[in-house]
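Beneath this line is the structure, given in structure tokens, with notes to follow.
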Amino acid sequence: MTLDELEDRLSEPPPAVITALDALDGNLMILGAAGKMGPTLARMAKRAMGKSRRVIAVSRFSDPTTRAWLELAGVETIAADLLDVDALMALPDVQNIVFMAGMKFGATGNEPLTWAMNSFLPGLVCQRFTTSRIAAFSTGNVYPLTPLHQGGSVETDAPGPIGEYAQSCLGRERIFQYFAESYDTPVSILRLNYAVELRYGVLCDIARKVWEDAPISVSMAAVNVVWQGDANAWALQSLAYASSPASIFNLAGPEQLSVRRIAEQLGKLLGKEPIFEREEAPHALLSNGQKAHRAFGYPAVGVEQVLEWTAQWIKNGGPTLGKPTKFEVRDGKF
């Protein structure tokens, strides 16, 4: 698979996305659009909505190639620091918002900015776009570690964030919930855990370690993953489920995957013997995605397929984003 083919797969809108967006009035704006998922989500939205409706991507765009790629796909771009209130107020009025801005890596040691991005900024956005429909990305890290036999946290479970990053993300959710009820703003909150594609994600992290003969920690014994194209599709469909009070969805794959078993499968595909360190703990960060599956459908791309693609990508020296997920972190320090 080439890079162009990968990005095309990640941004291809399934029929359910086209149907969901057709049913919504107005244009779409993505705040924090230049991260790992934002560009392909923006392109998927544009492919689904066509030429008659606007898709606007907002980011600082520190990498000009991302901005150029989006504009080539027909997505309008606006360079802005969202914490700059004047810049935020100057953004166009739109009926639909996907909120993707946030800070995770580097949060430890930079806690004030982490809280500003993850908790303060959502309040500014809610006050600016009181009448818009908002799909707001959150994280499965708002949940505590749970026993492996429990099957993952569900949306009605009590949060238990570990560390300041996760705490600030729960703060983000609470702010969106407050303004959803205060202004009757329809909101959907998306607890993602974890999106994967060939250049980054848990499977890429493990595959690279297998390929490079680096030790793989199995202390976080199990994980959930979902193909990024499916996560993009679910996020866009969730706009139709935005409500006041805010709705909450776990965006997670249906399987509870053993890290050891995944590494062994990748080892066979790569012709390598994985090296393991530490022992499996009885608790892990796991989400139950059944509610999202009922609403949006099962993932179109399964884990077996992603494993095969990932192994081939690594074998062929495909590029990676150089952003490890740190899925094995258990103390919440990112």
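Chain labels A, B, ... are given in the sequence in which chains occur in the structure tokens; within each chain residues are numbered consecutively from 1, and ligands are likewise numbered from 1 in the order shown.
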
Alpha helix (DSSP H) call set, DSSP backbone run, region 88-316 of chain A, as a PyMOL selection string: chain A and resi 88-89+111-115+121-128+163-182+202-211+228-238+259-270+290-296+303-315

Report as CSV the residues of region 214-271 of chain A within 12 Å of region 4-16 of chain A, each with its shortest atom pair and distance in Å (one decimal), using only C-alpha atoms, ordered by chain and increasing residue number.
residue,atom,partner,partner_atom,distance
A:Val226,CA,A:Leu10,CA,11.8
A:Trp227,CA,A:Leu10,CA,8.3
A:Gln228,CA,A:Leu10,CA,6.4
A:Gly229,CA,A:Leu10,CA,4.3
A:Asp230,CA,A:Leu10,CA,8.0
A:Ala231,CA,A:Leu10,CA,9.4
A:Asn232,CA,A:Ser11,CA,7.8
A:Ala233,CA,A:Pro13,CA,6.7
A:Trp234,CA,A:Ala16,CA,9.2
A:Ala235,CA,A:Ala16,CA,11.6
A:Leu236,CA,A:Pro13,CA,9.6
A:Gln237,CA,A:Ala16,CA,7.5
A:Ser238,CA,A:Ala16,CA,11.0
A:Ala240,CA,A:Ala16,CA,11.3

Using only C-alpha atoms: which of A:Ala242, A:Val17, A:Val125, A:Ala221 has the shortest distance to Gly297 (chain A): A:Val17

Residues within 7 Å of Ala222 (chain A), only C-alpha atoms, excluding chain neighbours under 3 positions, as a ChimeraX atom specification: /A:256-259,284

Could you write out that same residue set with N, CA and C atoms as a JSON list (two decimals), in the first residue's frame?
[["chain", "number", "residue", "atom", "x", "y", "z"],
["A", 256, "GLN", "N", -11.00, -7.27, 22.91],
["A", 256, "GLN", "CA", -10.06, -6.98, 23.98],
["A", 256, "GLN", "C", -8.80, -7.76, 23.62],
["A", 257, "LEU", "N", -7.80, -7.05, 23.11],
["A", 257, "LEU", "CA", -6.64, -7.69, 22.49],
["A", 257, "LEU", "C", -5.50, -7.86, 23.47],
["A", 258, "SER", "N", -4.96, -9.05, 23.54],
["A", 258, "SER", "CA", -3.78, -9.33, 24.35],
["A", 258, "SER", "C", -2.55, -8.72, 23.69],
["A", 259, "VAL", "N", -1.81, -7.90, 24.43],
["A", 259, "VAL", "CA", -0.59, -7.29, 23.90],
["A", 259, "VAL", "C", 0.42, -8.37, 23.53],
["A", 284, "ALA", "N", -6.30, -3.21, 33.32],
["A", 284, "ALA", "CA", -5.85, -2.49, 32.13],
["A", 284, "ALA", "C", -6.83, -1.39, 31.78]]

Between CA of Val58 (chain A) and CA of Met103 (chain A), distance in Å (one decimal):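 CA of Val58 (chain A) sits 15.7 Å away from CA of Met103 (chain A).
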
Within 12 Å of region 320-328 of chain A, which residues of region 124-202 of chain A show up? Give each one with its shortest atom-to-atom distance in Å (one decimal) and the two atoms involved, counting only C-alpha atoms, rows by chain then rising residue number, as CSV.
residue,atom,partner,partner_atom,distance
A:Gly140,CA,A:Phe327,CA,11.3
A:Asn141,CA,A:Phe327,CA,10.2
A:Leu145,CA,A:Glu328,CA,11.8
A:Asn193,CA,A:Phe327,CA,9.8
A:Tyr194,CA,A:Thr325,CA,8.8
A:Ala195,CA,A:Thr325,CA,9.9
A:Val196,CA,A:Thr325,CA,9.8
A:Glu197,CA,A:Thr320,CA,9.8
A:Leu198,CA,A:Thr320,CA,7.4
A:Arg199,CA,A:Thr320,CA,4.0
A:Tyr200,CA,A:Leu321,CA,6.0
A:Gly201,CA,A:Thr325,CA,5.9
A:Val202,CA,A:Thr325,CA,6.3

Residue neighbourhood His283 (chain A), 12 Å, only C-alpha atoms, exclusion window fewer than 6 positions, as JSON, numbers by chain: {"A": [143, 144, 145, 146, 147, 148, 149, 150, 151, 152, 153, 218, 219, 220, 221, 222, 223, 328, 330]}

Write out as an mmCIF file with N, CA and C atoms, in the first residue's frame which residues come within 10 Å of Val85 (chain A) when counting only C-alpha atoms, dropping same-chain ones fewer than 3 positions away.
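Contents of the output file around-v5.cif:
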data_model
loop_
_atom_site.group_PDB
_atom_site.id
_atom_site.type_symbol
_atom_site.label_atom_id
_atom_site.label_comp_id
_atom_site.auth_asym_id
_atom_site.auth_seq_id
_atom_site.Cartn_x
_atom_site.Cartn_y
_atom_site.Cartn_z
ATOM 1 N N ASP A 81 -4.432 30.173 16.435
ATOM 2 C CA ASP A 81 -4.190 29.652 17.781
ATOM 3 C C ASP A 81 -5.520 29.747 18.513
ATOM 4 N N LEU A 82 -6.112 28.620 18.810
ATOM 5 C CA LEU A 82 -7.459 28.615 19.383
ATOM 6 C C LEU A 82 -7.515 29.212 20.780
ATOM 7 N N LEU A 88 -10.277 33.085 17.879
ATOM 8 C CA LEU A 88 -11.426 32.194 18.016
ATOM 9 C C LEU A 88 -12.717 32.911 17.649
ATOM 10 N N MET A 89 -12.878 34.140 18.120
ATOM 11 C CA MET A 89 -14.093 34.898 17.825
ATOM 12 C C MET A 89 -14.215 35.226 16.340
ATOM 13 N N ALA A 90 -13.080 35.300 15.647
ATOM 14 C CA ALA A 90 -13.099 35.659 14.232
ATOM 15 C C ALA A 90 -13.440 34.478 13.330
ATOM 16 N N LEU A 121 -10.043 25.752 27.026
ATOM 17 C CA LEU A 121 -10.421 25.986 25.635
ATOM 18 C C LEU A 121 -11.834 25.487 25.318
ATOM 19 N N LEU A 124 -14.286 28.196 26.075
ATOM 20 C CA LEU A 124 -14.267 29.279 25.090
ATOM 21 C C LEU A 124 -15.025 28.883 23.834
ATOM 22 N N VAL A 125 -14.804 27.641 23.383
ATOM 23 C CA VAL A 125 -15.467 27.169 22.162
ATOM 24 C C VAL A 125 -16.984 27.113 22.370
ATOM 25 N N ARG A 128 -18.404 30.508 22.215
ATOM 26 C CA ARG A 128 -18.372 31.075 20.855
ATOM 27 C C ARG A 128 -19.432 30.434 19.960
#
